[in-house]
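Trainee: Input file: start16.txt. Contents: compact mmCIF, C-alpha atoms.
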# COMPACT_ATOMS: atom_id res chain seq x y z
CA MET A 1 33.74 21.62 -9.11
CA TYR A 2 30.06 21.92 -8.09
CA ASN A 3 29.88 25.58 -9.08
CA ILE A 4 31.57 24.90 -12.41
CA ALA A 5 28.97 22.21 -13.11
CA ILE A 6 26.16 24.60 -12.17
CA TYR A 7 27.42 27.28 -14.55
CA LEU A 8 27.74 24.73 -17.36
CA TYR A 9 24.19 23.59 -16.64
CA LEU A 10 23.04 27.22 -16.61
CA THR A 11 24.54 27.72 -20.07
CA GLY A 12 22.80 24.59 -21.31
CA VAL A 13 19.44 25.78 -19.95
CA ALA A 14 19.87 29.18 -21.62
CA ILE A 15 20.55 27.54 -24.98
CA SER A 16 17.74 25.00 -24.58
CA SER A 17 15.28 27.79 -23.76
CA LEU A 18 15.61 28.98 -27.35
CA PHE A 19 14.08 25.73 -28.63
CA ASP A 20 11.96 24.26 -25.81
CA LYS A 21 8.86 26.07 -24.49
CA LYS A 22 8.95 24.30 -21.13
CA VAL A 23 12.62 25.16 -20.56
CA LYS A 24 11.91 28.74 -21.67
CA LYS A 25 9.23 29.10 -18.99
CA MET A 26 11.64 27.83 -16.35
CA TRP A 27 14.46 30.09 -17.59
CA GLN A 28 12.25 33.18 -17.59
CA GLY A 29 10.70 32.32 -14.23
CA GLU A 30 14.07 31.85 -12.56
CA ARG A 31 15.34 35.17 -13.88
CA GLN A 32 12.23 36.97 -12.60
CA ALA A 33 12.15 35.30 -9.15
CA VAL A 34 14.24 37.82 -7.23
CA ASP A 35 12.25 40.74 -8.68
CA THR A 36 9.06 38.93 -7.63
CA LEU A 37 10.36 38.62 -4.08
CA ARG A 38 11.48 42.23 -3.89
CA ARG A 39 8.01 43.28 -5.02
CA GLU A 40 5.92 40.93 -2.87
CA VAL A 41 7.85 40.23 0.33
CA ASP A 42 6.49 41.91 3.44
CA PRO A 43 9.62 43.04 5.33
CA THR A 44 7.80 42.89 8.67
CA ALA A 45 6.61 39.28 8.23
CA LYS A 46 8.22 35.98 9.22
CA TYR A 47 8.50 33.64 6.23
CA ILE A 48 8.80 29.87 6.19
CA TRP A 49 10.27 28.68 2.91
CA PHE A 50 9.16 25.45 1.21
CA HIS A 51 11.02 24.24 -1.86
CA ALA A 52 9.77 21.43 -4.11
CA ALA A 53 11.34 20.41 -7.39
CA SER A 54 8.03 19.61 -9.05
CA LEU A 55 4.39 18.76 -8.48
CA GLY A 56 4.94 15.39 -6.82
CA GLU A 57 7.30 16.83 -4.22
CA PHE A 58 4.88 19.70 -3.62
CA GLU A 59 2.19 17.17 -2.68
CA GLN A 60 4.59 15.79 -0.06
CA GLY A 61 5.17 19.23 1.40
CA ARG A 62 1.57 20.38 1.16
CA PRO A 63 0.27 18.72 4.37
CA ILE A 64 2.92 20.57 6.38
CA ILE A 65 2.16 23.90 4.70
CA GLU A 66 -1.52 23.55 5.46
CA ARG A 67 -0.91 22.46 9.04
CA ILE A 68 1.32 25.49 9.64
CA LYS A 69 -1.21 27.87 8.08
CA ALA A 70 -3.97 26.44 10.26
CA LYS A 71 -2.06 26.40 13.55
CA HIS A 72 0.46 29.22 13.09
CA PRO A 73 -1.11 32.06 11.05
CA GLU A 74 1.62 34.39 12.31
CA TYR A 75 3.92 32.93 9.65
CA LYS A 76 3.81 33.54 5.91
CA ILE A 77 4.68 30.85 3.35
CA LEU A 78 7.11 31.17 0.46
CA LEU A 79 6.78 28.29 -2.01
CA THR A 80 9.35 27.73 -4.75
CA PHE A 81 9.58 25.27 -7.62
CA PHE A 82 12.35 24.19 -9.95
CA SER A 83 10.16 22.67 -12.68
CA PRO A 84 7.38 24.30 -14.74
CA SER A 85 5.27 21.16 -14.22
CA GLY A 86 5.05 22.20 -10.57
CA TYR A 87 4.97 25.96 -10.84
CA GLU A 88 2.46 26.23 -13.69
CA VAL A 89 -0.05 24.00 -11.89
CA ARG A 90 0.33 25.50 -8.40
CA LYS A 91 1.28 29.14 -9.02
CA ASP A 92 -2.12 30.19 -7.66
CA TYR A 93 -2.00 27.93 -4.58
CA LYS A 94 -3.92 29.88 -1.95
CA GLN A 95 -2.10 28.57 1.12
CA ALA A 96 1.18 30.12 -0.02
CA ASP A 97 1.70 33.86 0.26
CA ILE A 98 4.31 33.93 -2.50
CA VAL A 99 4.91 31.32 -5.23
CA CYS A 100 7.85 31.59 -7.62
CA TYR A 101 10.65 29.66 -9.30
CA LEU A 102 13.93 29.01 -7.50
CA PRO A 103 16.86 30.51 -9.41
CA LEU A 104 19.59 28.03 -10.24
CA ASP A 105 22.04 27.43 -7.40
CA THR A 106 24.88 29.79 -8.25
CA ILE A 107 26.51 31.69 -5.39
CA ARG A 108 25.22 35.00 -6.77
CA ASN A 109 21.66 33.73 -7.21
CA ALA A 110 21.58 32.22 -3.75
CA ARG A 111 22.81 35.43 -2.11
CA ARG A 112 20.36 37.65 -4.01
CA PHE A 113 17.44 35.32 -3.35
CA LEU A 114 18.10 35.04 0.38
CA ARG A 115 18.64 38.77 0.73
CA ALA A 116 15.25 39.37 -0.85
CA VAL A 117 13.48 37.03 1.56
CA ARG A 118 15.03 36.16 4.90
CA PRO A 119 13.25 32.96 5.94
CA VAL A 120 13.12 31.97 9.58
CA MET A 121 12.87 28.30 8.63
CA ALA A 122 13.07 26.19 5.46
CA PHE A 123 11.69 22.85 4.31
CA PHE A 124 13.33 21.13 1.34
CA ILE A 125 11.27 18.23 -0.01
CA LYS A 126 12.67 14.77 -0.78
CA TYR A 127 15.72 15.11 -3.07
CA GLU A 128 16.48 18.82 -2.93
CA PHE A 129 20.05 19.53 -1.78
CA TRP A 130 21.24 22.82 -3.29
CA TYR A 131 24.79 23.41 -2.11
CA ASN A 132 24.96 27.21 -2.10
CA TYR A 133 21.47 27.89 -0.76
CA LEU A 134 21.93 25.41 2.07
CA HIS A 135 25.37 26.65 3.08
CA ILE A 136 24.13 30.24 3.28
CA LEU A 137 21.12 29.17 5.34
CA LYS A 138 23.38 27.28 7.73
CA HIS A 139 25.74 30.24 8.01
CA ARG A 140 22.76 32.42 8.97
CA GLY A 141 21.55 29.92 11.54
CA VAL A 142 18.28 29.19 9.73
CA PRO A 143 16.83 25.74 10.60
CA VAL A 144 16.42 23.57 7.49
CA TYR A 145 14.36 20.37 7.40
CA SER A 146 14.52 17.67 4.76
CA VAL A 147 11.04 16.16 4.41
CA SER A 148 10.16 12.69 3.09
CA SER A 149 13.76 12.28 1.99
CA ILE A 150 14.99 8.91 0.82
CA PHE A 151 18.55 7.74 0.17
CA ARG A 152 20.07 4.84 -1.77
CA PRO A 153 23.59 3.38 -1.88
CA LYS A 154 24.10 4.40 -5.52
CA GLN A 155 23.64 8.10 -4.81
CA VAL A 156 26.69 10.32 -5.19
CA PHE A 157 26.81 11.13 -1.46
CA PHE A 158 27.90 7.57 -0.67
CA LYS A 159 30.59 7.20 -3.35
CA TRP A 160 34.25 8.00 -2.85
CA TYR A 161 34.08 10.71 -5.51
CA GLY A 162 31.07 12.35 -3.82
CA LYS A 163 32.67 13.14 -0.47
CA SER A 164 33.06 16.83 -1.26
CA TYR A 165 29.46 17.30 -2.39
CA ALA A 166 28.21 15.21 0.56
CA LYS A 167 29.22 18.11 2.83
CA VAL A 168 25.93 19.73 1.81
CA LEU A 169 24.10 17.10 3.86
CA ARG A 170 25.56 18.60 7.04
CA CYS A 171 23.62 21.80 6.39
CA ILE A 172 20.32 20.09 7.24
CA THR A 173 19.03 20.58 10.78
CA GLU A 174 16.89 17.43 10.79
CA TYR A 175 16.09 14.72 8.27
CA PHE A 176 12.62 13.22 8.24
CA VAL A 177 13.36 10.15 6.13
CA GLN A 178 11.06 7.55 4.65
CA ASN A 179 12.80 4.35 5.73
CA ASP A 180 15.48 2.71 7.89
CA GLU A 181 17.86 2.26 4.97
CA SER A 182 18.03 6.03 4.50
CA ARG A 183 18.80 6.53 8.17
CA ARG A 184 21.54 3.86 8.06
CA LEU A 185 23.12 5.37 4.93
CA LEU A 186 23.28 8.79 6.52
CA HIS A 187 24.79 7.26 9.67
CA SER A 188 27.46 5.57 7.50
CA ILE A 189 28.84 9.02 6.58
CA GLY A 190 28.56 10.43 10.08
CA ILE A 191 25.15 12.06 9.90
CA ASP A 192 22.90 11.06 12.80
CA ASN A 193 20.20 13.74 12.82
CA ALA A 194 17.68 11.58 10.94
CA THR A 195 14.30 10.31 12.09
CA VAL A 196 12.24 7.72 10.24
CA ILE A 197 8.74 9.18 9.85
CA GLY A 198 7.57 7.76 6.52
CA ASP A 199 6.09 9.74 3.65
CA THR A 200 3.82 12.77 4.13
CA ARG A 201 2.22 11.94 0.78
CA PHE A 202 0.02 9.37 2.52
CA ASP A 203 -1.49 12.08 4.71
CA ARG A 204 -2.14 14.13 1.59
CA VAL A 205 -3.92 11.40 -0.38
CA LEU A 206 -6.05 10.47 2.63
CA ALA A 207 -7.06 14.13 2.99
CA ILE A 208 -7.95 14.26 -0.71
CA LYS A 209 -10.14 11.20 -0.30
CA GLU A 210 -11.93 12.68 2.70
CA GLN A 211 -12.49 16.03 0.96
CA SER A 212 -13.33 14.74 -2.52
CA LYS A 213 -16.48 15.88 -4.27
CA ALA A 214 -18.57 14.14 -6.92
CA LEU A 215 -17.69 14.72 -10.57
CA PRO A 216 -20.99 14.66 -12.51
CA LEU A 217 -19.35 14.12 -15.93
CA ILE A 218 -17.39 11.13 -14.70
CA GLU A 219 -20.46 9.74 -12.97
CA ALA A 220 -22.39 10.03 -16.22
CA PHE A 221 -19.50 8.34 -18.05
CA LYS A 222 -19.57 5.48 -15.55
CA GLY A 223 -23.35 5.15 -15.81
CA MET A 224 -24.16 6.53 -12.37
CA GLY A 225 -25.98 9.64 -13.59
CA ARG A 226 -29.45 10.14 -14.91
CA ASN A 227 -28.28 9.44 -18.47
CA GLY A 228 -26.56 6.19 -17.56
CA GLY A 229 -29.64 4.01 -17.40
CA GLY A 230 -28.80 2.93 -13.84
CA LYS A 231 -26.13 0.44 -14.94
CA SER A 232 -22.66 1.24 -13.67
CA CYS A 233 -19.74 0.34 -15.97
CA ASN A 234 -16.28 -0.88 -15.05
CA ILE A 235 -13.57 1.69 -15.74
CA PHE A 236 -9.82 1.38 -16.23
CA ILE A 237 -8.10 4.66 -15.31
CA ALA A 238 -4.66 5.53 -16.65
CA GLY A 239 -3.15 8.49 -14.80
CA SER A 240 -0.07 10.58 -15.59
CA SER A 241 0.55 8.57 -18.75
CA TRP A 242 3.29 9.04 -21.31
CA PRO A 243 3.36 7.73 -24.92
CA PRO A 244 5.17 4.45 -24.06
CA ASP A 245 2.48 3.71 -21.45
CA GLU A 246 -0.27 4.60 -23.89
CA ASP A 247 1.14 2.33 -26.57
CA ILE A 248 0.53 -0.60 -24.22
CA PHE A 249 -2.85 0.00 -22.60
CA ILE A 250 -4.52 1.63 -25.62
CA LYS A 251 -3.63 -1.37 -27.77
CA PHE A 252 -5.25 -3.62 -25.16
CA PHE A 253 -8.44 -1.58 -24.83
CA ASN A 254 -8.88 -1.28 -28.56
CA ASP A 255 -9.53 -5.04 -28.42
CA HIS A 256 -11.55 -5.12 -25.17
CA GLU A 257 -14.71 -3.07 -25.44
CA ASP A 258 -16.49 -4.38 -22.34
CA TRP A 259 -14.68 -1.88 -20.09
CA LYS A 260 -14.50 1.90 -20.35
CA LEU A 261 -11.21 3.81 -20.37
CA ILE A 262 -10.17 7.15 -18.85
CA ILE A 263 -6.78 8.60 -19.79
CA ALA A 264 -5.30 11.51 -17.83
CA PRO A 265 -1.97 12.20 -19.60
CA HIS A 266 0.96 13.72 -17.74
CA VAL A 267 1.58 16.24 -20.50
CA ILE A 268 -1.54 18.08 -21.64
CA SER A 269 -0.69 19.57 -24.99
CA GLU A 270 -2.64 19.58 -28.23
CA GLU A 271 0.04 17.46 -29.87
CA HIS A 272 -0.12 14.79 -27.16
CA LEU A 273 -3.91 14.77 -27.02
CA ALA A 274 -4.07 14.34 -30.79
CA ASP A 275 -1.54 11.50 -30.58
CA ILE A 276 -3.69 9.70 -28.00
CA GLN A 277 -6.79 10.07 -30.12
CA SER A 278 -4.96 8.75 -33.18
CA LYS A 279 -4.02 5.57 -31.26
CA LEU A 280 -7.56 4.86 -30.13
CA GLY A 281 -9.65 2.55 -32.24
CA THR A 282 -12.74 4.47 -31.18
CA LYS A 283 -13.29 8.20 -30.94
CA ALA A 284 -12.51 9.55 -27.49
CA LEU A 285 -14.34 12.36 -25.74
CA ARG A 286 -12.35 15.17 -24.16
CA TYR A 287 -13.44 16.09 -20.66
CA THR A 288 -13.62 19.83 -21.32
CA GLN A 289 -15.89 19.23 -24.33
CA ALA A 290 -18.21 16.73 -22.65
CA THR A 291 -21.76 17.01 -21.43
CA GLU A 292 -23.46 14.47 -19.18
CA GLU A 293 -25.32 13.15 -22.21
CA THR A 294 -22.24 12.70 -24.40
CA ALA A 295 -20.22 11.34 -21.46
CA ALA A 296 -22.81 8.62 -20.83
CA LYS A 297 -22.47 7.42 -24.44
CA ALA A 298 -18.67 7.60 -24.69
CA ARG A 299 -16.37 4.62 -24.28
CA CYS A 300 -13.15 6.55 -23.70
CA MET A 301 -12.60 9.92 -22.06
CA ILE A 302 -9.40 11.97 -22.13
CA ILE A 303 -8.86 14.33 -19.20
CA ASP A 304 -7.52 17.47 -20.89
CA CYS A 305 -7.18 19.64 -17.77
CA PHE A 306 -5.32 19.57 -14.47
CA GLY A 307 -6.50 19.00 -10.91
CA LEU A 308 -9.00 16.16 -11.32
CA LEU A 309 -6.97 12.95 -11.40
CA SER A 310 -6.77 12.39 -7.64
CA THR A 311 -10.58 12.37 -7.46
CA ILE A 312 -11.17 10.56 -10.75
CA TYR A 313 -9.41 7.46 -9.39
CA ARG A 314 -12.42 6.92 -7.09
CA TYR A 315 -14.50 5.86 -10.10
CA GLY A 316 -12.12 3.15 -11.31
CA GLU A 317 -11.86 -0.57 -10.78
CA ILE A 318 -8.22 -0.75 -11.94
CA ALA A 319 -5.61 2.03 -12.12
CA TYR A 320 -2.45 2.46 -14.16
CA VAL A 321 0.15 5.04 -13.07
CA GLY A 322 2.43 6.24 -15.85
CA GLY A 323 6.10 7.12 -16.10
CA GLY A 324 7.47 3.64 -15.49
CA PHE A 325 8.86 3.33 -19.02
CA GLY A 326 10.75 6.61 -18.80
CA VAL A 327 11.17 9.28 -16.14
CA GLY A 328 9.96 7.09 -13.25
CA ILE A 329 6.48 6.38 -11.96
CA HIS A 330 4.28 9.17 -10.69
CA ASN A 331 1.97 9.27 -7.66
CA VAL A 332 0.99 5.68 -6.84
CA PRO A 333 -0.65 6.37 -3.40
CA GLU A 334 -2.98 8.82 -5.14
CA ALA A 335 -4.61 5.83 -6.84
CA ALA A 336 -4.06 3.19 -4.17
CA VAL A 337 -5.96 5.16 -1.50
CA TRP A 338 -9.20 4.41 -3.38
CA GLY A 339 -8.82 0.67 -2.91
CA VAL A 340 -7.95 -0.33 -6.46
CA PRO A 341 -5.10 -2.49 -7.77
CA VAL A 342 -2.42 -0.31 -9.35
CA ILE A 343 -0.28 -1.20 -12.38
CA PHE A 344 2.95 0.55 -13.40
CA GLY A 345 6.06 0.10 -15.53
CA PRO A 346 9.54 -1.14 -14.57
CA ASN A 347 11.15 2.17 -13.56
CA ASN A 348 9.82 2.00 -10.00
CA LYS A 349 12.79 0.88 -7.91
CA ARG A 350 13.47 4.36 -6.48
CA PHE A 351 9.96 4.62 -5.03
CA GLN A 352 9.48 3.11 -1.58
CA GLU A 353 5.68 3.10 -1.83
CA ALA A 354 5.83 1.14 -5.08
CA GLN A 355 8.12 -1.49 -3.59
CA ASP A 356 5.89 -1.83 -0.53
CA LEU A 357 2.72 -2.13 -2.60
CA LEU A 358 4.31 -4.77 -4.81
CA ALA A 359 5.23 -6.71 -1.68
CA CYS A 360 1.73 -6.58 -0.19
CA GLY A 361 -0.04 -7.48 -3.42
CA GLY A 362 -1.72 -4.14 -4.04
CA SER A 363 0.31 -3.21 -7.11
CA PHE A 364 1.84 -4.90 -10.13
CA GLU A 365 4.82 -4.22 -12.37
CA ILE A 366 4.63 -4.79 -16.12
CA SER A 367 7.51 -4.64 -18.59
CA SER A 368 5.79 -5.36 -21.90
CA TYR A 369 2.47 -5.57 -23.66
CA ASP A 370 2.30 -9.30 -22.97
CA ASP A 371 2.72 -8.66 -19.23
CA PHE A 372 -0.07 -6.11 -19.31
CA ASP A 373 -2.35 -8.33 -21.38
CA ALA A 374 -2.08 -11.24 -18.94
CA LEU A 375 -2.43 -9.10 -15.82
CA ALA A 376 -5.27 -6.88 -17.02
CA THR A 377 -7.19 -9.88 -18.31
CA ARG A 378 -6.97 -11.61 -14.93
CA LEU A 379 -7.96 -8.49 -12.98
CA MET A 380 -10.87 -7.79 -15.30
CA GLN A 381 -12.21 -11.34 -15.25
CA ASP A 382 -11.67 -12.21 -11.57
CA ALA A 383 -13.60 -9.67 -9.49
CA ASP A 384 -12.76 -11.37 -6.18
CA TYR A 385 -9.04 -11.22 -6.93
CA ARG A 386 -9.35 -7.61 -8.06
CA HIS A 387 -11.13 -6.61 -4.85
CA LYS A 388 -8.57 -8.43 -2.71
CA CYS A 389 -5.71 -6.57 -4.40
CA GLY A 390 -7.54 -3.28 -4.11
CA GLU A 391 -8.13 -3.73 -0.39
CA ALA A 392 -4.42 -4.47 0.06
CA SER A 393 -3.67 -1.11 -1.60
CA ALA A 394 -6.10 0.81 0.61
CA GLU A 395 -4.92 -0.87 3.80
CA TYR A 396 -1.31 -0.07 2.98
CA VAL A 397 -2.08 3.64 2.57
CA ARG A 398 -4.18 3.79 5.75
CA GLY A 399 -1.38 2.16 7.72
CA ARG A 400 1.18 4.78 6.65
CA ALA A 401 -0.67 7.88 7.84
CA GLY A 402 0.68 10.25 10.49
CA ALA A 403 4.03 11.51 9.14
CA THR A 404 2.85 15.12 9.10
CA GLU A 405 1.90 15.06 12.77
CA ARG A 406 5.25 13.54 13.74
CA ILE A 407 7.09 16.27 11.84
CA MET A 408 5.05 19.03 13.47
CA GLU A 409 5.86 17.60 16.90
CA SER A 410 9.60 17.83 16.10
CA VAL A 411 9.72 21.26 14.48
CA ASN A 412 10.24 24.21 16.79
CA LEU A 413 7.37 26.57 15.95
Is it possible to express this structure as structure tokens?

Mentor:
Amino acid sequence: MYNIAIYLYLTGVAISSLFDKKVKKMWQGERQAVDTLRREVDPTAKYIWFHAASLGEFEQGRPIIERIKAKHPEYKILLTFFSPSGYEVRKDYKQADIVCYLPLDTIRNARRFLRAVRPVMAFFIKYEFWYNYLHILKHRGVPVYSVSSIFRPKQVFFKWYGKSYAKVLRCITEYFVQNDESRRLLHSIGIDNATVIGDTRFDRVLAIKEQSKALPLIEAFKGMGRNGGGKSCNIFIAGSSWPPDEDIFIKFFNDHEDWKLIIAPHVISEEHLADIQSKLGTKALRYTQATEETAAKARCMIIDCFGLLSTIYRYGEIAYVGGGFGVGIHNVPEAAVWGVPVIFGPNNKRFQEAQDLLACGGSFEISSYDDFDALATRLMQDADYRHKCGEASAEYVRGRAGATERIMESVNL
């Protein structure tokens, strides 16, 4: 049944690739992956394989990759992605020796892929449980680790009709799960090789904070540069936003001109950027077109390039993380580490860090424009309350560090 579903999905992807540029990139990348491996794999080297569905999962695996490269240079790293939003951003990631797409999980694809590169170890990040790849790895005796994984009762593994597919979970050598509930759920179906270590993403965002460098254009925008007149402005930063998010906070900031606004959309396309600008009541400045002089005079800046958001959050007083009105919220710790209150939409229940931050008062959920209006107004007007919430965010992130080290202590390298 699983393989039938995969072939049906494969047919759907092939058809969709004719009409969708993003799907076309994925389709072409998957078809070229085995040729890439045959061309680039060093047959004398020992490869450790990391697989991440997309960019967010990559950030969870990244601390382990970089720890292995620093302490065990005798290994090479193969990094694969399923989504173009991960591959296109990180295809030139220097810590990986080979970066490519992962072909869809048919038996033929899995066999060809694993013949081309014979990993000595594999790390699958968070939700990745590909039946054929994992069974072949188990058959070959290759250790496989599930990193920052999280399980919920509604997942197919824990339903009566999911018993057959749940067999894939027995292919994992060790689970490094985020919480006790995940460990208990695995135990309920007879899987006891799980250790609660938390989320490696916290180690990553703390490292980003420690290594961050100044961004002169953003400093000029905030009023910290030589063109700012010495008066620093308050900034609201919206990261990884989608149109439903933008409909809410742009409407608010069109009526509140005492704060500045930075928007870093999740999808950077000319169509989306033009849509954002059309919603703004004032002309926005694009980051790639800015100078320090124009940035200092602008009220709204749109980040029209990748790789800056994690550092840009340092300049904000309040952050908004997008995706909560659609696909699910994006990287909340990336903002919280800077000690700012974080706002997001209602689709956040699957994210442990969001639930924890809501509980400790560092984050807030909104479901409508009225919710946002009331919350943003309070945070903007009450600096003491804003600082208290921000410190709760920062303290939460600091207290969750160390998952990477615990994993490295458990992995046999």

Trainee: Give the answer as one residue: which of A:Leu308, A:Ala319, A:Ile65, A:Ile77 has the shortest atom-to-atom distance to Ser212 in chain A, using all atoms listed in the file?

Mentor: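 Once distances to Ser212 in chain A are computed over all atoms listed in the file, the minimum belongs to A:Leu308.
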
Trainee: Within 8 Å of Ser54 in chain A, counting all atoms listed in the file, which residues show up once you throw out same-chain ones fewer than 3 positions away? Write them as a list in words, please.

Mentor: Glu57, Phe58, Phe81, Phe82, Ser83, Pro84, Ser85, Gly86 and Tyr87 of chain A

Trainee: Under the rule that only C-alpha atoms are counted, which of A:Lys251, A:Lys71, A:His272, A:Arg184 is the nearest residue to Phe372 in chain A?

Mentor: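 With only C-alpha atoms as the atom set, the closest residue is A:Lys251.
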
Trainee: Select, from A:Glu128, A:Glu210, A:Glu334, A:Asp203, the residue with the minimum atom-to-atom distance to Gly239 in chain A, counting all atoms listed in the file.

Mentor: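 Looking at the shortest contact to Gly239 in chain A, the residue is A:Glu334.
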
Trainee: Would you work out the distance separating CA of Ile64 in chain A from CA of Lys138 in chain A, expressed in Å to one decimal?

Mentor: 21.6 Å

Trainee: Which is closer to Asn179 in chain A than all the others in A:Gly162, A:Pro43, A:Gly362, A:Gly198, using all atoms listed in the file?

Mentor: A:Gly198

Trainee: At what distance in Å, to one decimal, does CA of Glu30 in chain A lie from CA of Tyr165 in chain A?

Mentor: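 CA of Glu30 in chain A lies at a distance of 23.5 Å from CA of Tyr165 in chain A.
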
Trainee: Record the distance separating CA of Val337 in chain A and CA of Cys360 in chain A, expressed in Å with one decimal.

Mentor: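 We find that CA of Val337 in chain A and CA of Cys360 in chain A lie 14.1 Å from each other.
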
Trainee: Counting only C-alpha atoms, find residues at most 6 Å from (13.4, 37.4, -3.0) (file frame) and give them as a list in words.

Mentor: Val34, Leu37, Arg38, Phe113, Ala116 and Val117 of chain A

Trainee: Give me the residues within 10 Å of Ile48 in chain A as a PyMOL selection string, counting only C-alpha atoms and dropping any in the same chain fewer than 3 places off.

Mentor: chain A and resi 45+65+68+75-79+96+117-123+144

Trainee: In terms of the shortest atom-to-atom distance over all atoms listed in the file, which of A:Ala284, A:Val327, A:Val156, A:Cys300 is closest to Asp258 in chain A?

Mentor: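 Among the listed residues, A:Cys300 lies closest to Asp258 in chain A.
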
Trainee: Please list as number ranges by chain every residue within 12 Å of Ala383 in chain A, counting all atoms listed in the file and excluding residues in the same chain fewer than 5 positions away.

Mentor: A: 234, 317-318, 340-341, 376-378, 388-390
